[in-house]
$ cat coords03.pdb   # PDB, C-alpha atoms
ATOM      1  CA  MET A   4       0.000   0.000   0.000  1.00  0.00           C
ATOM      2  CA  ASN A   5       2.765   2.407   0.957  1.00  0.00           C
ATOM      3  CA  ASP A   6       4.732   1.623  -2.213  1.00  0.00           C
ATOM      4  CA  ASN A   7       1.665   2.345  -4.357  1.00  0.00           C
ATOM      5  CA  THR A   8       1.083   5.635  -2.556  1.00  0.00           C
ATOM      6  CA  ASN A   9       4.699   6.704  -3.090  1.00  0.00           C
ATOM      7  CA  SER A  10       4.482   5.700  -6.750  1.00  0.00           C
ATOM      8  CA  THR A  11       1.288   7.739  -7.210  1.00  0.00           C
ATOM      9  CA  THR A  12       2.822  10.733  -5.432  1.00  0.00           C
ATOM     10  CA  LYS A  13       5.900  10.589  -7.656  1.00  0.00           C
ATOM     11  CA  ARG A  14       3.704  10.382 -10.755  1.00  0.00           C
ATOM     12  CA  LYS A  15       1.651  13.409  -9.636  1.00  0.00           C
ATOM     13  CA  LEU A  16       4.820  15.369  -8.915  1.00  0.00           C
ATOM     14  CA  THR A  17       6.112  14.591 -12.404  1.00  0.00           C
ATOM     15  CA  ILE A  18       2.837  15.718 -13.961  1.00  0.00           C
ATOM     16  CA  TYR A  19       2.950  18.845 -11.816  1.00  0.00           C
ATOM     17  CA  GLN A  20       6.504  19.584 -12.949  1.00  0.00           C
ATOM     18  CA  ILE A  21       5.500  19.153 -16.593  1.00  0.00           C
ATOM     19  CA  CYS A  22       2.574  21.516 -16.032  1.00  0.00           C
ATOM     20  CA  LEU A  23       4.903  24.101 -14.475  1.00  0.00           C
ATOM     21  CA  MET A  24       7.274  23.839 -17.428  1.00  0.00           C
ATOM     22  CA  ALA A  25       4.383  24.180 -19.880  1.00  0.00           C
ATOM     23  CA  LEU A  26       2.899  27.137 -17.997  1.00  0.00           C
ATOM     24  CA  LEU A  27       6.191  29.011 -17.992  1.00  0.00           C
ATOM     25  CA  ALA A  28       6.822  28.093 -21.644  1.00  0.00           C
ATOM     26  CA  ALA A  29       3.388  29.597 -22.387  1.00  0.00           C
ATOM     27  CA  LEU A  30       4.387  32.779 -20.547  1.00  0.00           C
ATOM     28  CA  LEU A  31       7.492  32.940 -22.744  1.00  0.00           C
ATOM     29  CA  CYS A  32       5.357  32.369 -25.859  1.00  0.00           C
ATOM     30  CA  ILE A  33       3.083  35.261 -24.865  1.00  0.00           C
ATOM     31  CA  LEU A  34       5.754  37.816 -23.914  1.00  0.00           C
ATOM     32  CA  ALA A  35       8.637  36.991 -26.292  1.00  0.00           C
ATOM     33  CA  PRO A  36       6.830  38.186 -29.460  1.00  0.00           C
ATOM     34  CA  LEU A  37       6.515  41.692 -27.976  1.00  0.00           C
ATOM     35  CA  ALA A  38       9.451  43.439 -29.624  1.00  0.00           C
ATOM     36  CA  VAL A  39      10.926  46.880 -30.116  1.00  0.00           C
ATOM     37  CA  PRO A  40      13.047  47.014 -33.282  1.00  0.00           C
ATOM     38  CA  VAL A  41      16.470  48.634 -32.794  1.00  0.00           C
ATOM     39  CA  GLY A  42      18.188  47.517 -35.976  1.00  0.00           C
ATOM     40  CA  PRO A  43      18.475  43.903 -37.091  1.00  0.00           C
ATOM     41  CA  ILE A  44      18.073  42.539 -33.542  1.00  0.00           C
ATOM     42  CA  PRO A  45      14.936  43.611 -31.628  1.00  0.00           C
ATOM     43  CA  ILE A  46      14.548  44.177 -27.902  1.00  0.00           C
ATOM     44  CA  THR A  47      12.164  41.581 -26.408  1.00  0.00           C
ATOM     45  CA  LEU A  48      11.005  40.393 -23.000  1.00  0.00           C
ATOM     46  CA  ALA A  49      12.244  36.850 -23.684  1.00  0.00           C
ATOM     47  CA  THR A  50      15.378  37.121 -21.559  1.00  0.00           C
ATOM     48  CA  MET A  51      13.487  38.509 -18.561  1.00  0.00           C
ATOM     49  CA  VAL A  52      11.006  35.628 -18.732  1.00  0.00           C
ATOM     50  CA  ILE A  53      13.897  33.143 -18.903  1.00  0.00           C
ATOM     51  CA  TYR A  54      15.642  34.736 -15.885  1.00  0.00           C
ATOM     52  CA  PHE A  55      12.343  34.479 -14.003  1.00  0.00           C
ATOM     53  CA  THR A  56      11.511  30.939 -15.162  1.00  0.00           C
ATOM     54  CA  VAL A  57      14.881  29.409 -14.335  1.00  0.00           C
ATOM     55  CA  TYR A  58      15.019  31.071 -10.924  1.00  0.00           C
ATOM     56  CA  VAL A  59      11.535  29.757 -10.060  1.00  0.00           C
ATOM     57  CA  ILE A  60      11.764  26.147 -11.286  1.00  0.00           C
ATOM     58  CA  GLY A  61      15.501  25.527 -11.575  1.00  0.00           C
ATOM     59  CA  PRO A  62      17.953  25.027 -14.426  1.00  0.00           C
ATOM     60  CA  TRP A  63      16.719  21.698 -15.805  1.00  0.00           C
ATOM     61  CA  MET A  64      13.001  22.378 -15.862  1.00  0.00           C
ATOM     62  CA  GLY A  65      13.647  26.008 -16.794  1.00  0.00           C
ATOM     63  CA  THR A  66      15.724  24.936 -19.783  1.00  0.00           C
ATOM     64  CA  GLY A  67      12.946  22.476 -20.611  1.00  0.00           C
ATOM     65  CA  SER A  68      10.532  25.411 -20.779  1.00  0.00           C
ATOM     66  CA  VAL A  69      12.895  27.242 -23.120  1.00  0.00           C
ATOM     67  CA  LEU A  70      13.155  24.157 -25.343  1.00  0.00           C
ATOM     68  CA  ILE A  71       9.345  23.846 -25.482  1.00  0.00           C
ATOM     69  CA  TYR A  72       9.162  27.506 -26.535  1.00  0.00           C
ATOM     70  CA  ILE A  73      11.803  27.062 -29.247  1.00  0.00           C
ATOM     71  CA  LEU A  74      10.176  23.895 -30.605  1.00  0.00           C
ATOM     72  CA  LEU A  75       6.784  25.605 -30.758  1.00  0.00           C
ATOM     73  CA  GLY A  76       8.387  28.435 -32.718  1.00  0.00           C
ATOM     74  CA  ILE A  77      10.209  26.087 -35.095  1.00  0.00           C
ATOM     75  CA  VAL A  78       6.969  24.292 -35.992  1.00  0.00           C
ATOM     76  CA  GLY A  79       5.473  27.625 -36.988  1.00  0.00           C
ATOM     77  CA  LEU A  80       3.649  29.114 -34.015  1.00  0.00           C
ATOM     78  CA  PRO A  81       4.160  32.916 -33.927  1.00  0.00           C
ATOM     79  CA  VAL A  82       6.126  32.970 -30.660  1.00  0.00           C
ATOM     80  CA  PHE A  83       9.406  34.538 -31.738  1.00  0.00           C
ATOM     81  CA  SER A  84      10.069  38.293 -31.757  1.00  0.00           C
ATOM     82  CA  GLY A  85       7.603  40.285 -33.780  1.00  0.00           C
ATOM     83  CA  GLY A  86       5.139  37.377 -33.863  1.00  0.00           C
ATOM     84  CA  ALA A  87       7.276  35.314 -36.229  1.00  0.00           C
ATOM     85  CA  GLY A  88       7.475  31.536 -36.330  1.00  0.00           C
ATOM     86  CA  GLY A  89       9.055  28.793 -38.376  1.00  0.00           C
ATOM     87  CA  PHE A  90      12.564  27.493 -38.921  1.00  0.00           C
ATOM     88  CA  GLY A  91      13.381  30.537 -41.067  1.00  0.00           C
ATOM     89  CA  LYS A  92      13.554  32.636 -37.892  1.00  0.00           C
ATOM     90  CA  ILE A  93      16.328  30.379 -36.564  1.00  0.00           C
ATOM     91  CA  ALA A  94      18.152  30.833 -39.873  1.00  0.00           C
ATOM     92  CA  GLY A  95      17.765  34.628 -39.673  1.00  0.00           C
ATOM     93  CA  PRO A  96      19.822  37.256 -37.828  1.00  0.00           C
ATOM     94  CA  THR A  97      18.205  36.496 -34.451  1.00  0.00           C
ATOM     95  CA  GLY A  98      18.728  32.733 -34.703  1.00  0.00           C
ATOM     96  CA  GLY A  99      21.864  32.760 -32.584  1.00  0.00           C
ATOM     97  CA  TYR A 100      19.984  34.445 -29.774  1.00  0.00           C
ATOM     98  CA  ILE A 101      17.164  31.918 -29.905  1.00  0.00           C
ATOM     99  CA  ILE A 102      19.609  29.001 -29.651  1.00  0.00           C
ATOM    100  CA  GLY A 103      21.664  30.957 -27.105  1.00  0.00           C
ATOM    101  CA  TYR A 104      18.646  31.035 -24.754  1.00  0.00           C
ATOM    102  CA  ILE A 105      19.241  27.331 -24.081  1.00  0.00           C
ATOM    103  CA  PHE A 106      22.847  27.853 -22.971  1.00  0.00           C
ATOM    104  CA  MET A 107      21.997  31.010 -21.034  1.00  0.00           C
ATOM    105  CA  ALA A 108      19.364  29.076 -19.060  1.00  0.00           C
ATOM    106  CA  LEU A 109      21.670  26.109 -18.431  1.00  0.00           C
ATOM    107  CA  ILE A 110      24.751  28.096 -17.406  1.00  0.00           C
ATOM    108  CA  GLY A 111      23.020  30.792 -15.367  1.00  0.00           C
ATOM    109  CA  GLY A 112      20.680  28.253 -13.797  1.00  0.00           C
ATOM    110  CA  ALA A 113      23.469  25.830 -12.879  1.00  0.00           C
ATOM    111  CA  ILE A 114      25.352  28.605 -11.057  1.00  0.00           C
ATOM    112  CA  ILE A 115      22.175  29.698  -9.253  1.00  0.00           C
ATOM    113  CA  LYS A 116      21.343  26.140  -8.168  1.00  0.00           C
ATOM    114  CA  ALA A 117      24.929  25.451  -7.056  1.00  0.00           C
ATOM    115  CA  THR A 118      24.839  28.549  -4.842  1.00  0.00           C
ATOM    116  CA  LYS A 119      21.433  27.601  -3.358  1.00  0.00           C
ATOM    117  CA  TYR A 120      19.488  30.384  -5.071  1.00  0.00           C
ATOM    118  CA  ASN A 121      21.409  33.229  -3.457  1.00  0.00           C
ATOM    119  CA  VAL A 122      19.781  36.228  -5.097  1.00  0.00           C
ATOM    120  CA  TRP A 123      22.990  38.301  -5.276  1.00  0.00           C
ATOM    121  CA  ILE A 124      24.967  35.508  -6.882  1.00  0.00           C
ATOM    122  CA  ALA A 125      21.993  34.923  -9.191  1.00  0.00           C
ATOM    123  CA  LEU A 126      22.435  38.445 -10.559  1.00  0.00           C
ATOM    124  CA  ALA A 127      26.080  37.660 -11.379  1.00  0.00           C
ATOM    125  CA  ALA A 128      25.085  34.264 -12.805  1.00  0.00           C
ATOM    126  CA  TRP A 129      22.714  35.974 -15.210  1.00  0.00           C
ATOM    127  CA  VAL A 130      25.455  38.364 -16.301  1.00  0.00           C
ATOM    128  CA  VAL A 131      27.557  35.298 -17.207  1.00  0.00           C
ATOM    129  CA  GLY A 132      24.613  33.575 -18.896  1.00  0.00           C
ATOM    130  CA  THR A 133      23.738  36.713 -20.842  1.00  0.00           C
ATOM    131  CA  ALA A 134      27.352  37.080 -21.982  1.00  0.00           C
ATOM    132  CA  VAL A 135      27.078  33.550 -23.413  1.00  0.00           C
ATOM    133  CA  LEU A 136      23.825  34.565 -25.110  1.00  0.00           C
ATOM    134  CA  TYR A 137      25.527  37.622 -26.623  1.00  0.00           C
ATOM    135  CA  ALA A 138      28.381  35.431 -27.865  1.00  0.00           C
ATOM    136  CA  PHE A 139      25.964  33.073 -29.646  1.00  0.00           C
ATOM    137  CA  GLY A 140      23.937  35.932 -31.075  1.00  0.00           C
ATOM    138  CA  THR A 141      26.932  37.917 -32.289  1.00  0.00           C
ATOM    139  CA  ALA A 142      28.710  34.885 -33.756  1.00  0.00           C
ATOM    140  CA  TRP A 143      25.581  33.836 -35.655  1.00  0.00           C
ATOM    141  CA  TYR A 144      25.064  37.389 -36.934  1.00  0.00           C
ATOM    142  CA  LEU A 145      28.679  37.518 -38.187  1.00  0.00           C
ATOM    143  CA  ILE A 146      28.345  34.114 -39.882  1.00  0.00           C
ATOM    144  CA  LEU A 147      25.029  35.050 -41.455  1.00  0.00           C
ATOM    145  CA  THR A 148      26.239  38.359 -42.859  1.00  0.00           C
ATOM    146  CA  SER A 149      29.346  36.667 -44.274  1.00  0.00           C
ATOM    147  CA  VAL A 150      27.236  34.001 -45.989  1.00  0.00           C
ATOM    148  CA  ASN A 151      24.901  36.665 -47.405  1.00  0.00           C
ATOM    149  CA  GLY A 152      27.827  38.525 -48.947  1.00  0.00           C
ATOM    150  CA  SER A 153      27.785  41.552 -46.655  1.00  0.00           C
ATOM    151  CA  PRO A 154      30.294  40.604 -43.938  1.00  0.00           C
ATOM    152  CA  LYS A 155      30.471  42.808 -40.858  1.00  0.00           C
ATOM    153  CA  THR A 156      33.429  43.437 -38.587  1.00  0.00           C
ATOM    154  CA  LEU A 157      33.271  42.356 -34.961  1.00  0.00           C
ATOM    155  CA  GLY A 158      32.983  46.000 -33.904  1.00  0.00           C
ATOM    156  CA  VAL A 159      29.978  46.579 -36.154  1.00  0.00           C
ATOM    157  CA  ALA A 160      28.375  43.321 -35.005  1.00  0.00           C
ATOM    158  CA  LEU A 161      28.831  44.306 -31.349  1.00  0.00           C
ATOM    159  CA  SER A 162      27.248  47.689 -32.060  1.00  0.00           C
ATOM    160  CA  TYR A 163      24.203  45.882 -33.482  1.00  0.00           C
ATOM    161  CA  CYS A 164      24.075  42.785 -31.297  1.00  0.00           C
ATOM    162  CA  VAL A 165      25.301  43.787 -27.835  1.00  0.00           C
ATOM    163  CA  LEU A 166      25.684  47.483 -27.040  1.00  0.00           C
ATOM    164  CA  PRO A 167      22.022  48.529 -27.521  1.00  0.00           C
ATOM    165  CA  PHE A 168      20.898  45.754 -25.177  1.00  0.00           C
ATOM    166  CA  LEU A 169      23.175  46.294 -22.167  1.00  0.00           C
ATOM    167  CA  PRO A 170      21.029  48.796 -20.207  1.00  0.00           C
ATOM    168  CA  GLY A 171      17.755  46.952 -20.856  1.00  0.00           C
ATOM    169  CA  ASP A 172      19.221  43.554 -20.040  1.00  0.00           C
ATOM    170  CA  ALA A 173      20.618  44.905 -16.767  1.00  0.00           C
ATOM    171  CA  ILE A 174      17.095  46.005 -15.816  1.00  0.00           C
ATOM    172  CA  LYS A 175      15.618  42.677 -16.974  1.00  0.00           C
ATOM    173  CA  ILE A 176      18.180  40.703 -14.945  1.00  0.00           C
ATOM    174  CA  VAL A 177      17.243  42.565 -11.766  1.00  0.00           C
ATOM    175  CA  ALA A 178      13.479  42.411 -12.446  1.00  0.00           C
ATOM    176  CA  GLY A 179      13.445  38.750 -13.508  1.00  0.00           C
ATOM    177  CA  THR A 180      15.625  37.644 -10.587  1.00  0.00           C
ATOM    178  CA  PHE A 181      13.767  39.466  -7.826  1.00  0.00           C
ATOM    179  CA  LEU A 182      10.354  38.548  -9.242  1.00  0.00           C
ATOM    180  CA  GLY A 183      11.562  34.949  -9.559  1.00  0.00           C
ATOM    181  CA  LYS A 184      12.758  34.967  -5.951  1.00  0.00           C
ATOM    182  CA  ALA A 185       9.400  36.271  -4.727  1.00  0.00           C
ATOM    183  CA  VAL A 186       7.429  33.653  -6.680  1.00  0.00           C
ATOM    184  CA  ARG A 187       9.810  30.802  -5.750  1.00  0.00           C
ATOM    185  CA  THR A 188       9.576  31.734  -2.052  1.00  0.00           C
ATOM    186  CA  ALA A 189       5.771  31.791  -2.247  1.00  0.00           C
ATOM    187  CA  LEU A 190       5.654  28.405  -4.017  1.00  0.00           C
ATOM    188  CA  ILE A 191       8.019  26.868  -1.451  1.00  0.00           C
ATOM    189  CA  LYS A 192       5.880  28.194   1.436  1.00  0.00           C
ATOM    190  CA  ALA A 193       2.797  26.738  -0.236  1.00  0.00           C
ATOM    191  CA  HIS A 194       4.660  23.389  -0.618  1.00  0.00           C
ATOM    192  CA  LEU A 195       4.181  23.531  -4.391  1.00  0.00           C
ATOM    193  CA  ILE A 196       7.894  23.172  -5.160  1.00  0.00           C
ATOM    194  CA  GLU A 197      10.742  21.666  -3.192  1.00  0.00           C
ATOM    195  CA  VAL A 198      13.679  23.703  -1.927  1.00  0.00           C
TER     196      VAL A 198
END
$ encode --input "coords03.pdb" --output "C-alpha cells"
Amino acid sequence: MNDNTNSTTKRKLTIYQICLMALLAALLCILAPLAVPVGPIPITLATMVIYFTVYVIGPWMGTGSVLIYILLGIVGLPVFSGGAGGFGKIAGPTGGYIIGYIFMALIGGAIIKATKYNVWIALAAWVVGTAVLYAFGTAWYLILTSVNGSPKTLGVALSYCVLPFLPGDAIKIVAGTFLGKAVRTALIKAHLIEV
C-alpha cells in the first residue's frame, strides 16, 4: 500500500513539474513576441522571462521550458520576436539568440542552483549567462552576414548585437531575478515546489 502511494505521489509530482514547465513556456510564448526594433536585432522580453523561469523552477526544468518555446516556434507558431514563427527565424539574424537562450538558461541556472538560489549571486550568474547569449547571437550574426555577402566586422556586429541591449538587459536581470525569488519563495511556502 505504501509503495503504491509513493508511486502515485511521484507520478503526480512529475505531472505537476510538466505543467509548471508548460505554464512558464506559455508565458514565454506570450511575452517573447513583444518586440521593439532597434536595428536587425529587436529588444524583447524573452530574456526577462527566462531569468524568471529558471530562478523559479531551476535550471533543468527552466531549460525544458525554453526548449518547449523554441520547438513551438520552429513548428510555426508565432512565438518569436515580432510574432514570427518557423525554422526561417532560426536561420535569420536572431537565430543565434534563440539558440543561445538554451545555454543562457543552463549556465546561469546551474550557477544559481549550485549557490542555493542566493539572489545576489543569481544576478552575477545571469550576467555570465547573458554574456554567453551575446556570444551566440553575435557569432551567428557575423556568420550570417558573411554568408549573405555583406560581412560585418566584430565592432559593427557588437554595435548591433550587444551594445544597444546592455542597459535593458541589466534592468531585466534585476526584475526577472527578484520577481523569480518572490514567486519561488511563495511556491516553497505553499509546498508547491521543493527547496
$ closest_atom_pairs --input "coords03.pdb" --of "segment 47-91 of chain A" --to "segment 17-27 of chain A" --cutoff "8 Å" --atoms "all atoms listed in the file" --output "CSV"
residue,atom,partner,partner_atom,distance
A:Thr56,CA,A:Leu27,CA,6.3
A:Ile60,CA,A:Leu23,CA,7.8
A:Met64,CA,A:Met24,CA,6.1
A:Gly65,CA,A:Met24,CA,6.8
A:Gly67,CA,A:Met24,CA,6.6
A:Ser68,CA,A:Met24,CA,4.9
A:Ile71,CA,A:Ala25,CA,7.5
$ resolve_selection --input "coords03.pdb" --expression "the PyMOL selection byres ((chain A and resi 35) around 9)" --output "number ranges by chain"
A: 30-34, 36-38, 47-50, 52, 82-86
$ residues_near_point --input "coords03.pdb" --point "(13.0, 28.0, -1.9)" --cutoff "10 Å" --atoms "all atoms listed in the file" --output "number ranges by chain"
A: 58-60, 119-120, 184-192, 194, 196-198
$ residues_around --input "coords03.pdb" --residues "Tyr163 of chain A" --least-positions-apart "4" --cutoff "8 Å" --atoms "all atoms listed in the file" --output "short mmCIF file (atom, residue, chain, number, x, y, z; two decimals) with C-alpha atoms, in the frame of the given file"
data_model
loop_
_atom_site.label_atom_id
_atom_site.label_comp_id
_atom_site.auth_asym_id
_atom_site.auth_seq_id
_atom_site.Cartn_x
_atom_site.Cartn_y
_atom_site.Cartn_z
CA GLY A 42 18.19 47.52 -35.98
CA PRO A 43 18.48 43.90 -37.09
CA ILE A 44 18.07 42.54 -33.54
CA VAL A 159 29.98 46.58 -36.15
CA PRO A 167 22.02 48.53 -27.52
#
$ atom_distance --input "coords03.pdb" --atom1 "atom CA of Gly99 of chain A" --atom2 "atom CA of Ile53 of chain A"
15.8 Å
$ closest_residue --input "coords03.pdb" --among "A:Val177, A:Asn121, A:Gly103, A:Ile114" --to "Ala134 of chain A" --atoms "all atoms listed in the file"
A:Gly103
$ residues_around --input "coords03.pdb" --residues "Ala178 of chain A" --least-positions-apart "2" --cutoff "10 Å" --atoms "all atoms listed in the file" --output "PyMOL selection string"
chain A and resi 51-52+54-55+126+172-176+180-184
$ closest_residue --input "coords03.pdb" --among "A:Leu169, A:Val57, A:Val150, A:Ala138" --to "Ile101 of chain A" --atoms "all atoms listed in the file"
A:Ala138
$ atom_distance --input "coords03.pdb" --atom1 "atom CA of Trp129 of chain A" --atom2 "atom CA of Gly112 of chain A"
8.1 Å
$ resolve_selection --input "coords03.pdb" --expression "the PyMOL selection byres ((chain A and resi 102) around 10)" --output "number ranges by chain"
A: 69-70, 73, 93, 97-101, 103-107, 136, 139-140, 143
$ residues_around --input "coords03.pdb" --residues "Pro154 of chain A" --least-positions-apart "6" --cutoff "10 Å" --atoms "only C-alpha atoms" --output "PyMOL selection string"
chain A and resi 144-148+160
$ closest_residue --input "coords03.pdb" --among "A:Gly179, A:Pro40, A:Gly95, A:Pro45" --to "Ala125 of chain A" --atoms "only C-alpha atoms"
A:Gly179
$ atom_distance --input "coords03.pdb" --atom1 "atom CA of Ala94 of chain A" --atom2 "atom CA of Tyr137 of chain A"
16.6 Å
$ build_atoms --input "coords03.pdb" --residues "segment 154-172 of chain A" --atoms "N, CA, C and O atoms" --output "PDB file, in the frame of the given file"
ATOM      1  N   PRO A 154      29.670  40.881 -45.233  1.00  0.00           N
ATOM      2  CA  PRO A 154      30.294  40.604 -43.938  1.00  0.00           C
ATOM      3  C   PRO A 154      30.476  41.867 -43.109  1.00  0.00           C
ATOM      4  O   PRO A 154      30.740  42.937 -43.634  1.00  0.00           O
ATOM      5  N   LYS A 155      30.290  41.714 -41.809  1.00  0.00           N
ATOM      6  CA  LYS A 155      30.471  42.808 -40.858  1.00  0.00           C
ATOM      7  C   LYS A 155      31.711  42.536 -40.015  1.00  0.00           C
ATOM      8  O   LYS A 155      32.093  41.401 -39.801  1.00  0.00           O
ATOM      9  N   THR A 156      32.315  43.603 -39.519  1.00  0.00           N
ATOM     10  CA  THR A 156      33.429  43.437 -38.587  1.00  0.00           C
ATOM     11  C   THR A 156      32.857  43.127 -37.203  1.00  0.00           C
ATOM     12  O   THR A 156      31.663  43.348 -36.950  1.00  0.00           O
ATOM     13  N   LEU A 157      33.710  42.658 -36.321  1.00  0.00           N
ATOM     14  CA  LEU A 157      33.271  42.356 -34.961  1.00  0.00           C
ATOM     15  C   LEU A 157      32.744  43.619 -34.285  1.00  0.00           C
ATOM     16  O   LEU A 157      31.720  43.591 -33.597  1.00  0.00           O
ATOM     17  N   GLY A 158      33.422  44.737 -34.511  1.00  0.00           N
ATOM     18  CA  GLY A 158      32.983  46.000 -33.904  1.00  0.00           C
ATOM     19  C   GLY A 158      31.584  46.395 -34.346  1.00  0.00           C
ATOM     20  O   GLY A 158      30.749  46.811 -33.536  1.00  0.00           O
ATOM     21  N   VAL A 159      31.312  46.251 -35.636  1.00  0.00           N
ATOM     22  CA  VAL A 159      29.978  46.579 -36.154  1.00  0.00           C
ATOM     23  C   VAL A 159      28.949  45.608 -35.576  1.00  0.00           C
ATOM     24  O   VAL A 159      27.860  46.013 -35.150  1.00  0.00           O
ATOM     25  N   ALA A 160      29.298  44.328 -35.549  1.00  0.00           N
ATOM     26  CA  ALA A 160      28.375  43.321 -35.005  1.00  0.00           C
ATOM     27  C   ALA A 160      28.061  43.611 -33.541  1.00  0.00           C
ATOM     28  O   ALA A 160      26.909  43.519 -33.112  1.00  0.00           O
ATOM     29  N   LEU A 161      29.071  43.979 -32.764  1.00  0.00           N
ATOM     30  CA  LEU A 161      28.831  44.306 -31.349  1.00  0.00           C
ATOM     31  C   LEU A 161      27.929  45.528 -31.213  1.00  0.00           C
ATOM     32  O   LEU A 161      27.090  45.595 -30.316  1.00  0.00           O
ATOM     33  N   SER A 162      28.087  46.490 -32.126  1.00  0.00           N
ATOM     34  CA  SER A 162      27.248  47.689 -32.060  1.00  0.00           C
ATOM     35  C   SER A 162      25.791  47.377 -32.400  1.00  0.00           C
ATOM     36  O   SER A 162      24.885  48.076 -31.961  1.00  0.00           O
ATOM     37  N   TYR A 163      25.562  46.314 -33.167  1.00  0.00           N
ATOM     38  CA  TYR A 163      24.203  45.882 -33.482  1.00  0.00           C
ATOM     39  C   TYR A 163      23.656  44.886 -32.475  1.00  0.00           C
ATOM     40  O   TYR A 163      22.472  44.907 -32.158  1.00  0.00           O
ATOM     41  N   CYS A 164      24.519  43.976 -32.021  1.00  0.00           N
ATOM     42  CA  CYS A 164      24.075  42.785 -31.297  1.00  0.00           C
ATOM     43  C   CYS A 164      24.242  42.837 -29.782  1.00  0.00           C
ATOM     44  O   CYS A 164      23.673  41.991 -29.081  1.00  0.00           O
ATOM     45  N   VAL A 165      25.039  43.775 -29.273  1.00  0.00           N
ATOM     46  CA  VAL A 165      25.301  43.787 -27.835  1.00  0.00           C
ATOM     47  C   VAL A 165      25.044  45.159 -27.213  1.00  0.00           C
ATOM     48  O   VAL A 165      24.239  45.290 -26.282  1.00  0.00           O
ATOM     49  N   LEU A 166      25.711  46.175 -27.708  1.00  0.00           N
ATOM     50  CA  LEU A 166      25.684  47.483 -27.040  1.00  0.00           C
ATOM     51  C   LEU A 166      24.283  48.044 -26.810  1.00  0.00           C
ATOM     52  O   LEU A 166      24.008  48.558 -25.715  1.00  0.00           O
ATOM     53  N   PRO A 167      23.359  47.966 -27.779  1.00  0.00           N
ATOM     54  CA  PRO A 167      22.022  48.529 -27.521  1.00  0.00           C
ATOM     55  C   PRO A 167      21.246  47.809 -26.422  1.00  0.00           C
ATOM     56  O   PRO A 167      20.288  48.347 -25.879  1.00  0.00           O
ATOM     57  N   PHE A 168      21.670  46.588 -26.091  1.00  0.00           N
ATOM     58  CA  PHE A 168      20.898  45.754 -25.177  1.00  0.00           C
ATOM     59  C   PHE A 168      21.395  45.794 -23.733  1.00  0.00           C
ATOM     60  O   PHE A 168      20.714  45.314 -22.833  1.00  0.00           O
ATOM     61  N   LEU A 169      22.587  46.338 -23.508  1.00  0.00           N
ATOM     62  CA  LEU A 169      23.175  46.294 -22.167  1.00  0.00           C
ATOM     63  C   LEU A 169      22.306  46.945 -21.094  1.00  0.00           C
ATOM     64  O   LEU A 169      22.033  46.315 -20.066  1.00  0.00           O
ATOM     65  N   PRO A 170      21.840  48.196 -21.277  1.00  0.00           N
ATOM     66  CA  PRO A 170      21.029  48.796 -20.207  1.00  0.00           C
ATOM     67  C   PRO A 170      19.723  48.036 -19.950  1.00  0.00           C
ATOM     68  O   PRO A 170      19.375  47.765 -18.796  1.00  0.00           O
ATOM     69  N   GLY A 171      19.020  47.676 -21.017  1.00  0.00           N
ATOM     70  CA  GLY A 171      17.755  46.952 -20.856  1.00  0.00           C
ATOM     71  C   GLY A 171      17.936  45.592 -20.228  1.00  0.00           C
ATOM     72  O   GLY A 171      17.134  45.177 -19.372  1.00  0.00           O
ATOM     73  N   ASP A 172      18.995  44.876 -20.621  1.00  0.00           N
ATOM     74  CA  ASP A 172      19.221  43.554 -20.040  1.00  0.00           C
ATOM     75  C   ASP A 172      19.610  43.653 -18.565  1.00  0.00           C
ATOM     76  O   ASP A 172      19.268  42.772 -17.773  1.00  0.00           O
TER      77      ASP A 172
END
